[in-house]
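Data from work.pdb: PDB, C-alpha atoms
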```pdb
ATOM      1  CA  MET A  22       7.955   8.545 -32.783
ATOM      2  CA  ASN A  23      10.688   6.520 -31.072
ATOM      3  CA  THR A  24      12.236   8.477 -28.213
ATOM      4  CA  SER A  25      13.407   5.483 -26.187
ATOM      5  CA  SER A  26      17.044   5.566 -27.289
ATOM      6  CA  HIS A  27      19.562   7.780 -25.543
ATOM      7  CA  SER A  28      21.946   7.705 -28.489
ATOM      8  CA  ASP A  29      19.807   8.746 -31.434
ATOM      9  CA  ASP A  30      19.444  12.462 -32.029
ATOM     10  CA  ILE A  31      15.942  13.609 -32.952
ATOM     11  CA  ALA A  32      14.963  16.647 -34.991
ATOM     12  CA  LEU A  33      13.540  19.335 -32.741
ATOM     13  CA  ALA A  34      10.744  19.981 -35.249
ATOM     14  CA  ASP A  35       9.706  16.324 -35.148
ATOM     15  CA  LEU A  36       9.778  16.299 -31.361
ATOM     16  CA  ARG A  37       7.654  19.435 -31.196
ATOM     17  CA  GLN A  38       5.154  18.018 -33.675
ATOM     18  CA  TRP A  39       4.864  14.779 -31.680
ATOM     19  CA  ALA A  40       4.385  16.667 -28.413
ATOM     20  CA  MET A  41       1.695  18.882 -29.930
ATOM     21  CA  GLU A  42      -0.193  15.876 -31.281
ATOM     22  CA  VAL A  43      -0.071  14.035 -27.953
ATOM     23  CA  LEU A  44      -1.221  17.063 -25.985
ATOM     24  CA  SER A  45      -3.928  17.975 -28.459
ATOM     25  CA  ALA A  46      -5.277  14.406 -28.352
ATOM     26  CA  ALA A  47      -5.398  14.705 -24.556
ATOM     27  CA  GLY A  48      -7.644  17.774 -24.799
ATOM     28  CA  ILE A  49      -5.022  20.424 -24.061
ATOM     29  CA  LEU A  50      -6.344  23.585 -25.714
ATOM     30  CA  GLU A  51      -3.024  25.375 -26.255
ATOM     31  CA  ALA A  52      -1.048  22.282 -27.143
ATOM     32  CA  ASP A  53       1.580  24.234 -29.074
ATOM     33  CA  VAL A  54       2.310  26.558 -26.148
ATOM     34  CA  ASP A  55       2.513  23.727 -23.626
ATOM     35  CA  ALA A  56       4.677  21.626 -25.935
ATOM     36  CA  GLU A  57       7.157  24.449 -26.453
ATOM     37  CA  LEU A  58       7.308  25.306 -22.752
ATOM     38  CA  LEU A  59       7.947  21.677 -21.804
ATOM     39  CA  ILE A  60      10.621  21.243 -24.466
ATOM     40  CA  GLY A  61      12.200  24.546 -23.491
ATOM     41  CA  HIS A  62      12.188  23.513 -19.843
ATOM     42  CA  VAL A  63      14.311  20.460 -20.586
ATOM     43  CA  LEU A  64      16.599  22.218 -23.079
ATOM     44  CA  ASN A  65      16.811  25.448 -21.038
ATOM     45  CA  LEU A  66      15.497  27.503 -23.937
ATOM     46  CA  SER A  67      12.938  30.287 -24.044
ATOM     47  CA  ARG A  68      10.119  29.997 -26.580
ATOM     48  CA  GLY A  69      11.891  32.609 -28.718
ATOM     49  CA  GLU A  70      15.143  30.659 -28.627
ATOM     50  CA  LEU A  71      13.235  27.490 -29.412
ATOM     51  CA  ALA A  72      11.665  29.134 -32.468
ATOM     52  CA  SER A  73      15.131  30.044 -33.720
ATOM     53  CA  LYS A  74      16.356  26.478 -33.249
ATOM     54  CA  LEU A  75      13.357  25.114 -35.152
ATOM     55  CA  VAL A  76      14.337  26.890 -38.381
ATOM     56  CA  THR A  77      17.968  25.763 -38.240
ATOM     57  CA  GLY A  78      17.326  22.001 -38.188
ATOM     58  CA  PHE A  79      18.402  21.683 -34.543
ATOM     59  CA  THR A  80      18.485  18.150 -33.138
ATOM     60  CA  VAL A  81      17.886  16.891 -29.618
ATOM     61  CA  SER A  82      19.843  14.117 -27.950
ATOM     62  CA  GLY A  83      18.063  10.886 -27.188
ATOM     63  CA  GLU A  84      18.489  11.505 -23.479
ATOM     64  CA  SER A  85      16.884  14.940 -23.646
ATOM     65  CA  ALA A  86      14.146  13.629 -25.916
ATOM     66  CA  LEU A  87      13.311  10.945 -23.365
ATOM     67  CA  ALA A  88      13.083  13.569 -20.612
ATOM     68  CA  ILE A  89      10.798  15.687 -22.819
ATOM     69  CA  ARG A  90       8.612  12.684 -23.592
ATOM     70  CA  GLN A  91       8.172  11.973 -19.898
ATOM     71  CA  LEU A  92       7.073  15.568 -19.212
ATOM     72  CA  VAL A  93       4.698  15.583 -22.177
ATOM     73  CA  GLU A  94       3.094  12.363 -20.967
ATOM     74  CA  ARG A  95       2.621  13.870 -17.511
ATOM     75  CA  ARG A  96       0.911  16.873 -19.077
ATOM     76  CA  ALA A  97      -1.200  14.584 -21.260
ATOM     77  CA  GLY A  98      -2.397  13.052 -17.984
ATOM     78  CA  ARG A  99      -3.678  16.583 -17.233
ATOM     79  CA  GLU A 100      -1.150  17.337 -14.510
ATOM     80  CA  PRO A 101      -1.002  21.158 -14.448
ATOM     81  CA  LEU A 102       1.725  22.624 -16.606
ATOM     82  CA  GLN A 103       2.790  24.804 -13.679
ATOM     83  CA  HIS A 104       3.344  21.767 -11.447
ATOM     84  CA  ILE A 105       5.556  20.169 -14.065
ATOM     85  CA  LEU A 106       7.580  23.338 -14.644
ATOM     86  CA  GLY A 107       7.556  24.234 -10.940
ATOM     87  CA  VAL A 108       6.608  27.836 -11.653
ATOM     88  CA  ALA A 109       3.606  30.008 -12.473
ATOM     89  CA  TRP A 110       3.869  33.405 -14.108
ATOM     90  CA  PHE A 111       1.749  36.133 -12.544
ATOM     91  CA  ARG A 112       2.045  39.714 -13.773
ATOM     92  CA  SER A 113       5.781  40.447 -13.406
ATOM     93  CA  LEU A 114       6.361  37.594 -10.945
ATOM     94  CA  THR A 115       7.655  34.061 -11.359
ATOM     95  CA  LEU A 116       6.115  32.119  -8.487
ATOM     96  CA  GLN A 117       7.166  28.689  -7.264
ATOM     97  CA  VAL A 118       4.209  26.297  -7.211
ATOM     98  CA  GLY A 119       3.504  22.604  -6.893
ATOM     99  CA  PRO A 120       1.179  20.072  -5.256
ATOM    100  CA  GLY A 121      -0.694  21.569  -2.314
ATOM    101  CA  VAL A 122      -0.920  25.158  -3.484
ATOM    102  CA  PHE A 123      -3.527  26.731  -5.748
ATOM    103  CA  VAL A 124      -2.074  27.695  -9.123
ATOM    104  CA  PRO A 125      -2.827  31.396  -9.731
ATOM    105  CA  ARG A 126      -4.985  32.096 -12.785
ATOM    106  CA  PRO A 127      -4.824  34.916 -15.345
ATOM    107  CA  GLU A 128      -8.165  36.274 -14.067
ATOM    108  CA  THR A 129      -6.582  36.919 -10.681
ATOM    109  CA  GLU A 130      -3.988  39.165 -12.313
ATOM    110  CA  GLN A 131      -6.847  41.581 -13.000
ATOM    111  CA  LEU A 132      -7.904  41.476  -9.333
ATOM    112  CA  ALA A 133      -4.327  42.197  -8.289
ATOM    113  CA  GLY A 134      -4.240  45.059 -10.769
ATOM    114  CA  MET A 135      -7.366  46.572  -9.235
ATOM    115  CA  ALA A 136      -5.801  46.381  -5.769
ATOM    116  CA  ILE A 137      -2.550  47.883  -7.034
ATOM    117  CA  ASP A 138      -4.375  50.762  -8.735
ATOM    118  CA  ALA A 139      -6.312  51.430  -5.526
ATOM    119  CA  LEU A 140      -3.126  51.556  -3.459
ATOM    120  CA  ARG A 141      -1.384  53.820  -5.965
ATOM    121  CA  SER A 142      -4.309  56.244  -5.963
ATOM    122  CA  LEU A 143      -3.967  56.986  -2.251
ATOM    123  CA  ALA A 144      -2.242  60.118  -1.025
ATOM    124  CA  GLU A 145      -0.983  58.566   2.216
ATOM    125  CA  PRO A 146       2.778  57.846   2.271
ATOM    126  CA  SER A 147       2.539  54.175   3.266
ATOM    127  CA  PRO A 148      -0.904  52.666   2.643
ATOM    128  CA  ILE A 149      -1.627  49.198   3.984
ATOM    129  CA  GLY A 150      -2.923  46.316   1.884
ATOM    130  CA  VAL A 151      -4.011  42.848   2.969
ATOM    131  CA  ASP A 152      -4.456  39.642   0.980
ATOM    132  CA  LEU A 153      -6.735  37.168   2.778
ATOM    133  CA  GLY A 154      -6.040  33.553   1.799
ATOM    134  CA  THR A 155      -2.934  34.322  -0.230
ATOM    135  CA  GLY A 156      -2.103  30.797  -1.466
ATOM    136  CA  SER A 157       1.083  31.105  -3.512
ATOM    137  CA  GLY A 158       1.343  34.742  -2.438
ATOM    138  CA  ALA A 159       0.444  36.004  -5.903
ATOM    139  CA  ILE A 160      -1.811  38.955  -5.048
ATOM    140  CA  ALA A 161       0.161  40.062  -1.994
ATOM    141  CA  LEU A 162       3.534  39.899  -3.720
ATOM    142  CA  ALA A 163       2.204  41.728  -6.767
ATOM    143  CA  MET A 164       0.980  44.513  -4.488
ATOM    144  CA  ALA A 165       4.231  44.588  -2.536
ATOM    145  CA  THR A 166       6.525  44.659  -5.570
ATOM    146  CA  GLU A 167       4.459  47.039  -7.698
ATOM    147  CA  VAL A 168       3.610  49.449  -4.871
ATOM    148  CA  PRO A 169       6.868  49.466  -2.891
ATOM    149  CA  HIS A 170       5.798  52.323  -0.631
ATOM    150  CA  ALA A 171       2.836  50.254   0.619
ATOM    151  CA  SER A 172       2.952  47.773   3.499
ATOM    152  CA  ILE A 173       1.410  44.443   2.517
ATOM    153  CA  TYR A 174       0.216  41.641   4.808
ATOM    154  CA  ALA A 175      -0.944  38.202   3.709
ATOM    155  CA  VAL A 176      -2.658  35.353   5.541
ATOM    156  CA  GLU A 177      -2.617  31.648   4.622
ATOM    157  CA  LYS A 178      -3.646  28.679   6.750
ATOM    158  CA  SER A 179      -3.036  25.617   4.573
ATOM    159  CA  PRO A 180      -0.080  23.544   5.835
ATOM    160  CA  GLU A 181       0.307  22.164   2.297
ATOM    161  CA  ALA A 182       0.357  25.602   0.668
ATOM    162  CA  LEU A 183       2.501  27.431   3.221
ATOM    163  CA  PRO A 184       5.866  25.945   2.143
ATOM    164  CA  TRP A 185       5.267  27.375  -1.327
ATOM    165  CA  THR A 186       4.023  30.681   0.090
ATOM    166  CA  SER A 187       7.110  30.973   2.272
ATOM    167  CA  LYS A 188       9.445  30.226  -0.654
ATOM    168  CA  ASN A 189       7.829  32.949  -2.728
ATOM    169  CA  PHE A 190       7.899  35.515   0.063
ATOM    170  CA  SER A 191      11.561  34.726   0.706
ATOM    171  CA  ALA A 192      12.472  34.986  -2.975
ATOM    172  CA  LEU A 193      10.281  37.912  -4.037
ATOM    173  CA  GLY A 194       9.050  39.791  -1.007
ATOM    174  CA  GLY A 195      10.859  42.850   0.244
ATOM    175  CA  SER A 196      10.758  44.389   3.687
ATOM    176  CA  ASN A 197       7.233  45.628   2.951
ATOM    177  CA  ALA A 198       5.759  42.105   2.516
ATOM    178  CA  HIS A 199       4.633  40.191   5.605
ATOM    179  CA  LEU A 200       3.325  36.605   5.641
ATOM    180  CA  VAL A 201       1.144  35.445   8.531
ATOM    181  CA  PRO A 202       0.404  31.702   8.880
ATOM    182  CA  GLY A 203      -3.158  31.391  10.110
ATOM    183  CA  ASP A 204      -6.856  31.342   9.341
ATOM    184  CA  LEU A 205      -8.081  34.457   7.562
ATOM    185  CA  ALA A 206     -11.071  34.496   9.931
ATOM    186  CA  GLY A 207      -8.901  33.966  13.006
ATOM    187  CA  ASN A 208      -6.974  36.369  15.196
ATOM    188  CA  GLU A 209      -3.421  35.526  14.100
ATOM    189  CA  LEU A 210      -3.065  38.595  11.912
ATOM    190  CA  LEU A 211      -4.177  41.055  14.577
ATOM    191  CA  ALA A 212      -2.271  39.181  17.273
ATOM    192  CA  MET A 213       0.955  39.671  15.328
ATOM    193  CA  PHE A 214       0.126  43.133  13.981
ATOM    194  CA  PRO A 215      -2.450  44.803  16.264
ATOM    195  CA  HIS A 216      -1.922  48.144  14.533
ATOM    196  CA  LEU A 217      -3.789  46.803  11.486
ATOM    197  CA  GLU A 218      -7.199  47.010  13.131
ATOM    198  CA  GLY A 219      -9.068  49.865  11.494
ATOM    199  CA  SER A 220      -6.046  50.973   9.441
ATOM    200  CA  VAL A 221      -6.022  48.900   6.238
ATOM    201  CA  ALA A 222      -6.757  50.728   2.981
ATOM    202  CA  VAL A 223      -7.184  47.811   0.559
ATOM    203  CA  ILE A 224      -8.320  44.254   1.305
ATOM    204  CA  ALA A 225      -8.139  41.775  -1.580
ATOM    205  CA  SER A 226      -9.079  38.118  -1.644
ATOM    206  CA  ASN A 227      -9.530  35.249  -4.068
ATOM    207  CA  PRO A 228     -11.343  32.959  -1.632
ATOM    208  CA  PRO A 229     -12.623  29.437  -2.288
ATOM    209  CA  TYR A 230     -16.044  29.968  -3.858
ATOM    210  CA  ILE A 231     -17.142  26.708  -5.504
ATOM    211  CA  PRO A 232     -20.197  25.041  -3.900
ATOM    212  CA  VAL A 233     -19.252  21.675  -2.377
ATOM    213  CA  ASP A 234     -21.453  19.694  -4.769
ATOM    214  CA  ALA A 235     -20.237  21.492  -7.911
ATOM    215  CA  ILE A 236     -17.328  19.440  -9.232
ATOM    216  CA  PRO A 237     -15.056  21.428 -11.605
ATOM    217  CA  ARG A 238     -14.948  20.136 -15.183
ATOM    218  CA  ASP A 239     -11.241  20.667 -15.808
ATOM    219  CA  PRO A 240      -9.180  17.657 -14.673
ATOM    220  CA  GLU A 241      -6.337  19.986 -13.667
ATOM    221  CA  VAL A 242      -8.650  21.652 -11.141
ATOM    222  CA  GLN A 243     -10.614  18.593 -10.056
ATOM    223  CA  LEU A 244      -7.598  16.319  -9.568
ATOM    224  CA  PHE A 245      -4.761  18.635  -8.619
ATOM    225  CA  ASP A 246      -5.955  21.906  -7.047
ATOM    226  CA  PRO A 247      -6.284  21.687  -3.245
ATOM    227  CA  ALA A 248      -9.884  21.368  -2.039
ATOM    228  CA  LEU A 249      -9.231  23.974   0.650
ATOM    229  CA  ALA A 250      -8.673  26.572  -2.084
ATOM    230  CA  LEU A 251     -11.702  25.548  -4.143
ATOM    231  CA  TYR A 252     -14.779  24.811  -2.058
ATOM    232  CA  GLY A 253     -16.629  27.393   0.003
ATOM    233  CA  GLY A 254     -19.469  25.488   1.637
ATOM    234  CA  GLN A 255     -22.956  24.633   0.441
ATOM    235  CA  ASP A 256     -23.439  27.788  -1.646
ATOM    236  CA  GLY A 257     -19.737  28.483  -2.127
ATOM    237  CA  LEU A 258     -19.883  31.712  -0.146
ATOM    238  CA  ASP A 259     -18.939  30.678   3.404
ATOM    239  CA  VAL A 260     -15.438  32.131   3.150
ATOM    240  CA  VAL A 261     -16.760  35.250   1.405
ATOM    241  CA  ARG A 262     -18.901  35.854   4.511
ATOM    242  CA  GLN A 263     -15.807  35.487   6.705
ATOM    243  CA  VAL A 264     -13.784  37.818   4.502
ATOM    244  CA  SER A 265     -16.503  40.455   4.700
ATOM    245  CA  GLN A 266     -16.493  40.369   8.498
ATOM    246  CA  VAL A 267     -12.705  40.330   8.863
ATOM    247  CA  ALA A 268     -12.304  43.132   6.335
ATOM    248  CA  LEU A 269     -14.715  45.313   8.332
ATOM    249  CA  VAL A 270     -12.429  44.935  11.346
ATOM    250  CA  LEU A 271      -9.268  45.585   9.364
ATOM    251  CA  GLY A 272     -10.477  48.363   7.109
ATOM    252  CA  ARG A 273     -10.327  52.014   7.887
ATOM    253  CA  PRO A 274     -13.202  54.282   6.818
ATOM    254  CA  GLY A 275     -13.203  54.393   3.031
ATOM    255  CA  ALA A 276     -11.250  51.145   2.690
ATOM    256  CA  SER A 277     -11.727  49.109  -0.483
ATOM    257  CA  LEU A 278     -12.681  45.424  -0.467
ATOM    258  CA  MET A 279     -12.042  43.420  -3.657
ATOM    259  CA  LEU A 280     -13.197  39.826  -4.141
ATOM    260  CA  GLU A 281     -12.857  37.335  -6.968
ATOM    261  CA  HIS A 282     -15.752  34.900  -7.450
ATOM    262  CA  GLY A 283     -17.743  32.747  -9.858
ATOM    263  CA  GLU A 284     -19.594  34.420 -12.701
ATOM    264  CA  LEU A 285     -23.056  33.782 -11.204
ATOM    265  CA  GLN A 286     -22.276  34.904  -7.648
ATOM    266  CA  GLY A 287     -22.097  38.684  -7.992
ATOM    267  CA  ALA A 288     -25.647  39.458  -6.864
ATOM    268  CA  ASP A 289     -25.440  37.161  -3.821
ATOM    269  CA  ILE A 290     -22.098  38.636  -2.786
ATOM    270  CA  ARG A 291     -23.370  42.201  -3.142
ATOM    271  CA  GLU A 292     -26.271  41.229  -0.902
ATOM    272  CA  ILE A 293     -23.932  39.748   1.728
ATOM    273  CA  LEU A 294     -21.680  42.806   1.695
ATOM    274  CA  SER A 295     -24.545  45.287   1.815
ATOM    275  CA  ALA A 296     -26.139  43.434   4.749
ATOM    276  CA  ASP A 297     -22.808  43.673   6.590
ATOM    277  CA  GLY A 298     -22.747  47.430   6.081
ATOM    278  CA  TRP A 299     -20.441  47.797   3.083
ATOM    279  CA  ARG A 300     -21.278  50.607   0.674
ATOM    280  CA  ALA A 301     -21.000  51.124  -3.094
ATOM    281  CA  THR A 302     -21.013  47.409  -3.906
ATOM    282  CA  ALA A 303     -20.349  46.726  -7.574
ATOM    283  CA  THR A 304     -19.569  43.698  -9.711
ATOM    284  CA  HIS A 305     -17.030  43.886 -12.537
ATOM    285  CA  ARG A 306     -16.283  41.698 -15.557
ATOM    286  CA  ASP A 307     -13.072  39.914 -16.439
ATOM    287  CA  LEU A 308     -11.428  40.112 -19.855
ATOM    288  CA  THR A 309     -13.751  37.403 -21.200
ATOM    289  CA  GLY A 310     -16.834  39.465 -20.257
ATOM    290  CA  ARG A 311     -17.843  37.292 -17.297
ATOM    291  CA  ASP A 312     -18.786  38.734 -13.924
ATOM    292  CA  ARG A 313     -15.689  37.962 -11.847
ATOM    293  CA  TYR A 314     -15.002  40.604  -9.187
ATOM    294  CA  THR A 315     -17.077  42.458  -6.624
ATOM    295  CA  THR A 316     -15.845  45.569  -4.859
ATOM    296  CA  ALA A 317     -17.187  47.551  -1.932
ATOM    297  CA  THR A 318     -16.242  50.492   0.255
ATOM    298  CA  ARG A 319     -16.156  50.541   4.036
ATOM    299  CA  PRO A 320     -18.352  53.245   5.572
TER     300      PRO A 320
END
```
Let me see the file written as structure tokens.
Amino acid sequence: MNTSSHSDDIALADLRQWAMEVLSAAGILEADVDAELLIGHVLNLSRGELASKLVTGFTVSGESALAIRQLVERRAGREPLQHILGVAWFRSLTLQVGPGVFVPRPETEQLAGMAIDALRSLAEPSPIGVDLGTGSGAIALAMATEVPHASIYAVEKSPEALPWTSKNFSALGGSNAHLVPGDLAGNELLAMFPHLEGSVAVIASNPPYIPVDAIPRDPEVQLFDPALALYGGQDGLDVVRQVSQVALVLGRPGASLMLEHGELQGADIREILSADGWRATATHRDLTGRDRYTTATRP
């Protein structure tokens, strides 16, 4: 398909078909979805509006078609769709993302939901939740927006991720959402908010958990996700060990700890948590049936 001219209008249906074929050939599994989102991004149309245009013989200007082609070719190079669009959708949130920040995954929505349910179940008027290693702010901002009576604190240390985190907290976080730049295993959080020691009800984290010698298969992960958000030491569990220790300091008696992890790590994580003194450790499956989350209760 020739999309090099700025003057020739192109049928939207033809443009969509071309984009789907290019993306499918590049190994994109949901080529139709990605094609429609990229086209809609350029034309400022939702997927529903795009579907309506497709049945009416709508045409696209050569200039817009060229812009669409450029985005499709970026995606065919396996650049994450979210980087190209500049946003990631997470539960009810539209988060700003780009190079340097981990793109939140659908599986993490379930972890956030578990933390939200735990906060909502508490009788106290203003329970406290913490997200350790917040990245884009996805888990923390979901907790803060969906449980507005809770006070939510989030920690992130990456200088590349923090600009995105700050943008999202500024755009989406209310007065109950607090971002702390710093290492989740450091003292920055307690230095800024000393009242948190022994008073947090829910601690959630999606830490880096890939072993350093296990290279992810997906090019989007391998080439574009920040290493700091992926790799957790020789066995992948170094940061999990830190989270366990920090959460013991933060948590009040009965506090819930919720961790996301790889599907083969549940038993090892339960062992780490139990050795640290956590009780009622349990591993839970994601929507695909894979072990994905481990929870525990502070004694």
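The gap separating atom CA of A:Gly119 from atom CA of A:Ala250 is 13.7 Å, in Å to one decimal.
In this structure, atom CA of A:Glu241 sits 29.4 Å away from atom CA of A:Leu278.
Residue nearest A:Asn197, chosen from A:Ser113, A:Ser147, A:Ser220, A:Thr77 and counting all atoms listed in the file: A:Ser147.
Proximity ranking of A:Val261, A:Ala97, A:Ile137, A:Leu251 relative to A:Ala206 places A:Val261 first, based on all atoms listed in the file.
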Report task. List every protein, DNA or RNA residue with an atom no more than 10 Å from (-5.0, 38.2, -11.6) in the file's coordinates, counting all atoms listed in the file, and format the result as JSON, numbers by chain. Result -> {"A": [111, 112, 125, 126, 127, 128, 129, 130, 131, 132, 133, 134, 135, 159, 160, 163, 227, 281, 307]}
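Distances here use only C-alpha atoms; by that measure, the residue among A:Val267, A:Val122, A:Leu44, A:Leu143 closest to A:Leu249 is A:Val122.
Distances from A:Ile236, A:Val176, A:Val151, A:Leu205 to A:Ala222 were compared using all atoms listed in the file, and the smallest one belongs to A:Val151.
Within the file as shown, the PyMOL selection byres ((chain A and resi 252) around 7) identifies Pro229, Tyr230, Ile231, Pro232, Val233, Ala248, Leu249, Ala250, Leu251, Gly253, Gly254 and Gly257 of chain A.
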Report task. Would you mind telling me which residue in A:Ala225, A:Leu92, A:Ala144, A:Leu193 lies nearest to A:Leu162 when using all atoms listed in the file? Result -> A:Leu193
Padding 8 Å on every side, please: axis-aligned box over the listed atoms of stretch 167-175 of chain A, centre and edge lengths to one decimal in Å, as JSON.
```
{"center_x": 3.0, "center_y": 45.3, "center_z": -1.4, "size_x": 23.8, "size_y": 30.1, "size_z": 28.5}
```
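Picture a line from atom CA of A:Leu200 to atom CA of A:Thr155; it runs 8.9 Å.
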